[in-house]
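Contents: one structure, followed by commentary.
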Amino acid sequence: MTVELGHFALVLALALSLVQSIIPVYGARRGDVRLMATVNHTSLAIFFMLVVSFASLTHAYVTSDFSVANVYENSHTLKPLLYKYTGVWGNHEGSMLLWVLILGFFAALVSVFGRNLPPQLKANVLGVQAWVLTAFLLFILLTSNPFLRLQEVPFEGRDLNPILQDVGLAIHPPMLYLGYVGFSVTFSFAVAAMLSGRIDAAWARWVRPWALVAWVFLTAGIAMGSYWAYYELGWGGWWFWDPVENASFIPWLSGTALLHSALVMEKRDALKIWTILLALITFSMSLLGTFLVRSGVLTSVHAFATDPARGIFILAILTLFIGGSLFLFALRAPGLKSGNLFAPVSREGALVFNNLFLTTAAATVLVGTLWPLVLEAWDGSKISVGAPFFNLTFGPLMIPLLIAIPLGPLLSWKRGDLMGVLQRLYFVAGTALLVSIIVLAYNDGGPILASLGFGLAAWVILGALAEIWTRSGLPGVSPSVALARLSGMPRSVWGTAAGHLGLGLTLLGIVSVSTFQQEVIRQVRPGDGLQIAGYNLVFEGVTPNKGSNYVEDVVSFIVTGNNVREHRLQPTKRVYTTRRMPTTEAAIETYWFSQLYVSLGEVEKDGSVTARIWWKPLVTLIWLGALIMVFGGVVSLSDRRLRVGAPKPSRSKITTAPANA
Amino acid sequence: MTRKQKRLLFIGGIGAVLMAAVLLVMTALRDEIVFFYTPSDILVDGKASAGQRIRLGGLVKEQSIVKDGENITFVVTDTDKEIPVSYSGILPDLFREGQGVVAEGVVGPGGSFVADTVLAKHDENYMPKEVADALKEKGVWQEGADTVRK
């Protein structure tokens, strides 16, 4: 019964969404305040219906109601409870339901937090949001209904894909979707602005918090997905340039560009046309990502099922929204007044530089991702585009950007003094150079690129800190004055510094792992020892173990050396009983920021095991850096300047919510 | 600088970066992509030359896996032609005889293949798309069947 309730709620949400697509937008054109005000009710009602719908599917999962086809396909009575919850979105239909739930969630947030928005803008924004919602609700109800019942109720379910039976599934998709779908709000703002024709600095101030929220979640989601792939797949890699990874990375790149260009628009009333375009592009890339992942045109871990009807439906949605919004843009853009002028060397100039390289990089990733599809359609040849392509295209484009990062925040608006900025950074530049030389010497003349990479990482990290240092006035002023200055600094300055610092740390992790990683692959028998990076691993043996829905062989290694306490590392080979699917659970030990990573080949009948062991120096910085970027985003969000219309400056209230009211 | 000069500088700079990016992409698309071939493509049509880096796809031939510690050899077949593959390392969990596989590596002389990466399907419902397409072309694909019967 609850399942039918969920299905019914979903249909109701569609009906309400249709209402919200038309009435407020019509009201905004007519200037009818009452019609416009309907969005406040409908958006909350839609969200409520979506919650009911999602809850009912969750209920079916938790109670193992195998009369529902979706639950039968992806669940099992013996599946641990956590995965009964997370398994709801561990499949195509459920994950689309999560997608629209979050879409409705953001609409509800705009409705609640957007009280101070001009009514016309708000009505249009939520109207556009409802267009997207309508399209995806139709998609779910027509091609991907999770509430379909089976004629004969099976006794037991088919269990969830073992790779997905991990706590990563609880975090990665919701985070990623909050990011992906979060950019729908900036998209709706952009379309609404073009509908009403009012595009100014105030618009940027309303949009930026939403872009920041989406960016924070997208960053966290991508980082989480990367770490999950790293420990779960047992390949020891943290980024594969897999099309689906790229699909989330492209909106991240253009979203990052959007954050920066919206800053120019807000502060200087310039780059208006460009910022609107970026807002459209970013969500378009999110939609494209959804299409690539959900249509099954690409082979990937993420492709749950392939169904041509779905692919064509999403392609239609994609064409409609991308084409429609770009058409509107083409109509409106020429009418926009170009903004204030600025010198090439200025804060604006630096942000344009940032945008140029970020969007070009996004375009190269897009080309690399789509090229296999294009070529196959063109002459039928099948290719794969992997790391070498992206290293050659994406890599070089990042270098000028990384060099420019410490300079940007130190330049003043309108007209900057490059020599003055360089003078303030001479210490940072010197240290970065020194780091390069040390790495080159230590690496015994190894690849020069590696030592340059370390130097660049040092430049970005110290550059981020240098901005704070410069603003404190040290060492020219007394520590108490410096402290007072720092505490009076806007939070967005801290946010920027943290964001850039995080990026530098991620870069350091990446260069460190790619330069100094060590790897050993060997077949071992009980009692055999292995040496890697000063650690000594002795293979003890294999012991069987039984989990709730799997059986496993636990392989034990005793680790000593490098003054660490003697301890065990126990990777396992599991076989999930229902699907008869084997998986490898790698064992990972963290020492400070570095990791020892043990993965396994087959366990042979004679008790021998093929072990693959990596030493990954500073690898955790890759994800810690991303977390610091996320932290920077959250700190920026709490800046009171982002809360438009805040009557009194109040430093005591700190909120991380996108409070632009 | 006049307004016009500034604008020229801007557009020139942007144009230069875009040109550089286009050049990089074109070079990379020529040199850094990896083609997917079946054993027949290589042995009959001669599509790949020795020393070329490719992805080889097909089925792992029954009874063809030989393990010597971490050194492994197996045969990839498209049910018509077959190519022996040598690989050193750990095979994916779902690597099995009679199942679809994609091996990335370098074509050796005389129809051999040295793989440095071996990919198998991610779960039991799933066959690498390239392999499925190649088998459909050979007419040995059965919809819904997990393994291909000769």
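Residue names in the structure tokens use chain letters A, B, ... in the order shown, residue numbers from 1 in each chain, and ligand numbers from 1 in the order shown.
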Which residues of chain B come within 8 Å of chain A, and what is each one's closest atom pair and distance in Å (one decimal), counting only C-alpha atoms, sorted by chain and residue number, as a Markdown table?
```
| residue | atom | partner | partner_atom | distance |
| --- | --- | --- | --- | --- |
| B:Lys6 | CA | A:Pro344 | CA | 7.5 |
| B:Phe10 | CA | A:Pro344 | CA | 7.4 |
| B:Ile14 | CA | A:Leu356 | CA | 7.1 |
| B:Val17 | CA | A:Phe357 | CA | 7.9 |
| B:Leu18 | CA | A:Thr360 | CA | 7.0 |
| B:Ala21 | CA | A:Thr393 | CA | 6.9 |
| B:Leu24 | CA | A:Thr393 | CA | 5.5 |
| B:Val25 | CA | A:Thr393 | CA | 5.8 |
| B:Ala28 | CA | A:Phe389 | CA | 5.3 |
| B:Leu29 | CA | A:Phe389 | CA | 7.0 |
| B:Glu32 | CA | A:Phe389 | CA | 5.2 |
| B:Ile33 | CA | A:Val385 | CA | 5.1 |
| B:Val34 | CA | A:Ser384 | CA | 5.2 |
| B:Phe35 | CA | A:Ile383 | CA | 4.1 |
| B:Phe36 | CA | A:Lys382 | CA | 5.2 |
| B:Tyr37 | CA | A:Lys382 | CA | 7.7 |
| B:Gly69 | CA | A:Gln523 | CA | 5.2 |
| B:Glu70 | CA | A:Gln523 | CA | 5.9 |
| B:Gly89 | CA | A:Ile521 | CA | 6.4 |
| B:Ile90 | CA | A:Gly601 | CA | 4.9 |
| B:Leu91 | CA | A:Gly601 | CA | 6.3 |
| B:Pro92 | CA | A:Gly601 | CA | 7.8 |
| B:Asp93 | CA | A:Thr583 | CA | 5.8 |
| B:Leu94 | CA | A:Pro582 | CA | 6.8 |
| B:His122 | CA | A:Val301 | CA | 6.2 |
| B:Asp123 | CA | A:Asn161 | CA | 7.0 |
| B:Glu124 | CA | A:Met581 | CA | 7.2 |
| B:Pro128 | CA | A:Thr299 | CA | 6.6 |
| B:Lys129 | CA | A:Thr299 | CA | 6.1 |
| B:Glu130 | CA | A:Lys382 | CA | 7.4 |
```
- Please report, as a PyMOL selection string, each residue of region 392-586 of chain A to which DSSP assigns strand (DSSP E) when run on this structure's backbone. chain A and resi 518-524+529-532+535-546+550-560+567-569+572-576+581-585
Could you save those same residues with C-alpha atoms as an mmCIF file, in the first residue's frame?
```cif
data_model
loop_
_atom_site.group_PDB
_atom_site.id
_atom_site.type_symbol
_atom_site.label_atom_id
_atom_site.label_comp_id
_atom_site.auth_asym_id
_atom_site.auth_seq_id
_atom_site.Cartn_x
_atom_site.Cartn_y
_atom_site.Cartn_z
ATOM 1 C CA GLN A 518 56.369 2.535 -5.007
ATOM 2 C CA GLU A 519 54.775 -0.743 -6.026
ATOM 3 C CA VAL A 520 55.515 -4.421 -5.459
ATOM 4 C CA ILE A 521 53.647 -7.342 -7.010
ATOM 5 C CA ARG A 522 54.644 -10.799 -5.831
ATOM 6 C CA GLN A 523 53.251 -14.221 -5.152
ATOM 7 C CA VAL A 524 53.872 -15.079 -1.500
ATOM 8 C CA GLY A 529 58.444 -11.357 3.578
ATOM 9 C CA LEU A 530 58.116 -8.287 1.360
ATOM 10 C CA GLN A 531 59.901 -4.961 1.616
ATOM 11 C CA ILE A 532 58.532 -1.643 0.451
ATOM 12 C CA TYR A 535 58.335 -1.341 5.697
ATOM 13 C CA ASN A 536 58.569 -5.068 6.175
ATOM 14 C CA LEU A 537 55.491 -7.156 5.497
ATOM 15 C CA VAL A 538 55.372 -10.829 6.484
ATOM 16 C CA PHE A 539 52.574 -12.964 5.075
ATOM 17 C CA GLU A 540 50.986 -14.954 7.913
ATOM 18 C CA GLY A 541 48.325 -16.930 6.146
ATOM 19 C CA VAL A 542 44.698 -17.094 5.124
ATOM 20 C CA THR A 543 41.730 -17.552 7.458
ATOM 21 C CA PRO A 544 38.095 -17.950 6.365
ATOM 22 C CA ASN A 545 35.403 -15.700 7.775
ATOM 23 C CA LYS A 546 31.662 -15.248 7.275
ATOM 24 C CA TYR A 550 29.124 -12.915 2.028
ATOM 25 C CA VAL A 551 31.956 -15.321 2.850
ATOM 26 C CA GLU A 552 35.561 -14.193 2.771
ATOM 27 C CA ASP A 553 39.187 -15.230 2.982
ATOM 28 C CA VAL A 554 41.092 -12.930 5.298
ATOM 29 C CA VAL A 555 44.735 -12.574 4.284
ATOM 30 C CA SER A 556 47.032 -11.410 7.087
ATOM 31 C CA PHE A 557 50.265 -9.481 6.809
ATOM 32 C CA ILE A 558 52.346 -8.346 9.797
ATOM 33 C CA VAL A 559 53.861 -4.931 9.225
ATOM 34 C CA THR A 560 57.027 -3.716 10.936
ATOM 35 C CA HIS A 567 50.462 -4.320 13.416
ATOM 36 C CA ARG A 568 48.408 -6.406 11.009
ATOM 37 C CA LEU A 569 47.094 -5.513 7.600
ATOM 38 C CA THR A 572 40.203 -9.928 2.080
ATOM 39 C CA LYS A 573 38.708 -11.743 -0.874
ATOM 40 C CA ARG A 574 34.952 -11.827 -0.567
ATOM 41 C CA VAL A 575 32.299 -13.732 -2.415
ATOM 42 C CA TYR A 576 28.795 -12.321 -2.095
ATOM 43 C CA MET A 581 30.263 -12.183 -7.168
ATOM 44 C CA PRO A 582 33.824 -11.971 -5.870
ATOM 45 C CA THR A 583 35.308 -8.699 -4.660
ATOM 46 C CA THR A 584 38.614 -7.646 -3.156
ATOM 47 C CA GLU A 585 38.686 -5.499 -0.063
#
```
- Item | Contacts of Lys79 (chain A) within 12 Å, only C-alpha atoms, excl. fewer than 2 positions in-chain, as a PyMOL selection string | chain A and resi 61-64+71+74-77+81-87+156-162+164-166+547-550+576-578
Based on the selection just made, write C-alpha atoms of those residues as a PDB file, in the first residue's frame.
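The new file selection26.pdb reads:
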```pdb
ATOM      1  CA  TYR A  61      13.599  -1.398   0.848  1.00  0.00           C
ATOM      2  CA  VAL A  62      13.849  -1.525   4.621  1.00  0.00           C
ATOM      3  CA  THR A  63      10.944  -3.962   4.926  1.00  0.00           C
ATOM      4  CA  SER A  64      12.303  -5.992   1.954  1.00  0.00           C
ATOM      5  CA  VAL A  71      13.572  -3.782  -4.480  1.00  0.00           C
ATOM      6  CA  ASN A  74      18.632  -4.597  -5.737  1.00  0.00           C
ATOM      7  CA  SER A  75      18.015  -5.842  -2.235  1.00  0.00           C
ATOM      8  CA  HIS A  76      18.119  -8.903  -0.048  1.00  0.00           C
ATOM      9  CA  THR A  77      16.775  -9.699   3.409  1.00  0.00           C
ATOM     10  CA  LEU A  81      20.460  -2.303   7.266  1.00  0.00           C
ATOM     11  CA  LEU A  82      22.632   0.643   6.189  1.00  0.00           C
ATOM     12  CA  TYR A  83      22.695  -0.698   2.641  1.00  0.00           C
ATOM     13  CA  LYS A  84      18.950  -1.199   2.692  1.00  0.00           C
ATOM     14  CA  TYR A  85      18.719   2.564   3.119  1.00  0.00           C
ATOM     15  CA  THR A  86      21.518   3.514   0.741  1.00  0.00           C
ATOM     16  CA  GLY A  87      20.521   0.835  -1.757  1.00  0.00           C
ATOM     17  CA  GLU A 156      14.155 -13.448  -1.920  1.00  0.00           C
ATOM     18  CA  GLY A 157      15.819 -10.473  -3.617  1.00  0.00           C
ATOM     19  CA  ARG A 158      18.830 -10.431  -5.895  1.00  0.00           C
ATOM     20  CA  ASP A 159      20.949  -8.289  -3.590  1.00  0.00           C
ATOM     21  CA  LEU A 160      22.785  -5.068  -4.305  1.00  0.00           C
ATOM     22  CA  ASN A 161      25.909  -5.028  -6.440  1.00  0.00           C
ATOM     23  CA  PRO A 162      28.645  -5.786  -3.863  1.00  0.00           C
ATOM     24  CA  LEU A 164      28.044  -0.600  -3.911  1.00  0.00           C
ATOM     25  CA  GLN A 165      27.743  -2.233  -0.501  1.00  0.00           C
ATOM     26  CA  ASP A 166      29.913   0.318   1.155  1.00  0.00           C
ATOM     27  CA  GLY A 547      29.724 -11.991   6.990  1.00  0.00           C
ATOM     28  CA  SER A 548      25.964 -11.499   6.838  1.00  0.00           C
ATOM     29  CA  ASN A 549      25.644 -11.812   3.068  1.00  0.00           C
ATOM     30  CA  TYR A 550      29.124 -12.915   2.028  1.00  0.00           C
ATOM     31  CA  TYR A 576      28.795 -12.321  -2.095  1.00  0.00           C
ATOM     32  CA  THR A 577      26.562 -15.360  -1.853  1.00  0.00           C
ATOM     33  CA  THR A 578      23.465 -14.184  -3.706  1.00  0.00           C
TER      34      THR A 578
END
```
- Task: Name all residues at most 9 Å from Trp203 (chain A) (count only C-alpha atoms; drop same-chain ones fewer than 6 positions away) and give them as a ChimeraX atom specification.
- Result: /A:189-190,193,265-266
- Item | Exercise: Thr496 (chain A) partners within 8 Å, only C-alpha atoms, chain neighbours under 3 positions left out, as a VMD selection string | chain A and resid 492 to 493 499 to 500 632 to 633 636
For those residues, write N, CA and C atoms to a file as a short mmCIF file (atom, residue, chain, number, x, y, z; two decimals), in the first residue's frame.
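Output (out-v4.cif):
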```cif
data_model
loop_
_atom_site.label_atom_id
_atom_site.label_comp_id
_atom_site.auth_asym_id
_atom_site.auth_seq_id
_atom_site.Cartn_x
_atom_site.Cartn_y
_atom_site.Cartn_z
N SER A 492 35.00 36.00 3.65
CA SER A 492 35.23 35.52 2.29
C SER A 492 36.72 35.50 1.97
N VAL A 493 37.50 36.38 2.62
CA VAL A 493 38.95 36.37 2.40
C VAL A 493 39.55 35.07 2.95
N GLY A 499 40.32 27.94 0.18
CA GLY A 499 40.08 27.28 -1.10
C GLY A 499 41.37 27.08 -1.88
N HIS A 500 42.17 28.14 -1.95
CA HIS A 500 43.42 28.05 -2.69
C HIS A 500 44.43 27.15 -1.99
N GLY A 632 36.67 26.03 2.91
CA GLY A 632 36.78 27.41 2.43
C GLY A 632 35.45 27.90 1.87
N GLY A 633 34.77 27.02 1.12
CA GLY A 633 33.47 27.38 0.57
C GLY A 633 32.46 27.67 1.67
N SER A 636 33.21 30.98 3.30
CA SER A 636 32.75 32.08 2.43
C SER A 636 31.24 32.27 2.54
#
```
- Message: If we count only C-alpha atoms and set the cut-off at 10 Å, which residues sit around Leu422 (chain A), ignoring sequence neighbours fewer than 3 positions away in its own chain? Please answer as a list of chain:residue names.
- Response: A:Pro406, A:Leu407, A:Leu410, A:Leu411, A:Asp417, A:Leu418, A:Met419, A:Leu425, A:Tyr426, A:Phe427, A:Val428, A:Ala429
- Coordinates-based distance that separates CA of Leu109 (chain A) from CA of Val185 (chain A) (Å, one decimal):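 For CA of Val185 (chain A) relative to CA of Leu109 (chain A), the distance reads 9.8 Å.
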- Check the smallest atom-to-atom distance from each of B:Tyr87, B:Glu97, B:Met26, B:Thr38 to Lys61 (chain B) using only C-alpha atoms, then report the winner. B:Glu97
Residue set, chain B restricted to helix (DSSP H, G or I), as a short mmCIF file (atom, residue, chain, number, x, y, z; two decimals) with C-alpha atoms, in the first residue's frame:
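So the final result, stored in states_25.cif, reads:
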```cif
data_model
loop_
_atom_site.label_atom_id
_atom_site.label_comp_id
_atom_site.auth_asym_id
_atom_site.auth_seq_id
_atom_site.Cartn_x
_atom_site.Cartn_y
_atom_site.Cartn_z
CA ARG B 3 40.07 51.37 -25.08
CA LYS B 4 40.52 49.82 -28.50
CA GLN B 5 44.06 48.65 -27.76
CA LYS B 6 42.92 47.12 -24.49
CA ARG B 7 40.20 45.24 -26.22
CA LEU B 8 42.62 43.98 -28.87
CA LEU B 9 45.00 42.80 -26.16
CA PHE B 10 42.18 40.95 -24.44
CA ILE B 11 40.89 39.29 -27.55
CA GLY B 12 44.40 38.48 -28.75
CA GLY B 13 45.29 36.87 -25.43
CA ILE B 14 42.13 34.83 -25.30
CA GLY B 15 42.59 33.79 -28.92
CA ALA B 16 46.16 32.66 -28.25
CA VAL B 17 45.12 30.49 -25.31
CA LEU B 18 42.28 28.94 -27.28
CA MET B 19 44.56 28.28 -30.25
CA ALA B 20 47.08 26.58 -27.98
CA ALA B 21 44.32 24.46 -26.44
CA VAL B 22 43.00 23.44 -29.85
CA LEU B 23 46.49 22.47 -30.98
CA LEU B 24 47.04 20.42 -27.83
CA VAL B 25 43.71 18.66 -28.25
CA MET B 26 44.36 17.88 -31.91
CA THR B 27 47.82 16.52 -31.16
CA ALA B 28 46.50 14.44 -28.30
CA LEU B 29 43.61 13.11 -30.38
CA ARG B 30 46.11 11.98 -33.00
CA ASP B 31 48.70 10.43 -30.69
CA PRO B 39 41.66 -10.55 -32.64
CA SER B 40 40.15 -10.71 -36.17
CA ASP B 41 40.73 -7.00 -36.68
CA ILE B 42 44.42 -7.58 -36.00
CA LEU B 43 45.04 -10.97 -37.62
CA LYS B 129 30.10 -2.70 -24.45
CA GLU B 130 32.83 -2.94 -27.07
CA VAL B 131 33.04 -6.68 -26.57
CA ALA B 132 29.29 -7.10 -26.77
CA ASP B 133 29.19 -5.12 -30.02
CA ALA B 134 32.07 -7.09 -31.48
CA LEU B 135 30.38 -10.37 -30.63
CA LYS B 136 27.11 -9.15 -32.13
CA GLU B 137 28.99 -8.47 -35.34
CA LYS B 138 30.32 -12.00 -35.30
#
```
- Message: What's the separation between CA of Leu133 (chain A) and CA of Gln20 (chain A), in Å to one decimal place?
- Response: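 Computed distance, CA of Leu133 (chain A) to CA of Gln20 (chain A), equals 9.9 Å.
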- Message: Just to confirm, what's the straight-line distance from CA of Asn91 (chain A) to CA of His59 (chain A) in Å (one decimal)?
- Response: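 Answer for the CA of Asn91 (chain A) to CA of His59 (chain A) separation: 15.9 Å.
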Applying 7 Å and only C-alpha atoms, which residues near Gly98 (chain B) remain after dropping the ones on its own chain fewer than 4 positions away? List them as a PDB file with C-alpha atoms, in the first residue's frame.
```pdb
ATOM      1  CA  LEU B  59      36.356 -13.603 -24.619  1.00  0.00           C
ATOM      2  CA  VAL B  60      38.875 -15.357 -22.422  1.00  0.00           C
ATOM      3  CA  LYS B  61      39.309 -18.734 -24.097  1.00  0.00           C
ATOM      4  CA  GLU B  62      38.320 -21.766 -21.983  1.00  0.00           C
ATOM      5  CA  THR B 147      28.072 -16.548 -21.866  1.00  0.00           C
TER       6      THR B 147
END
```
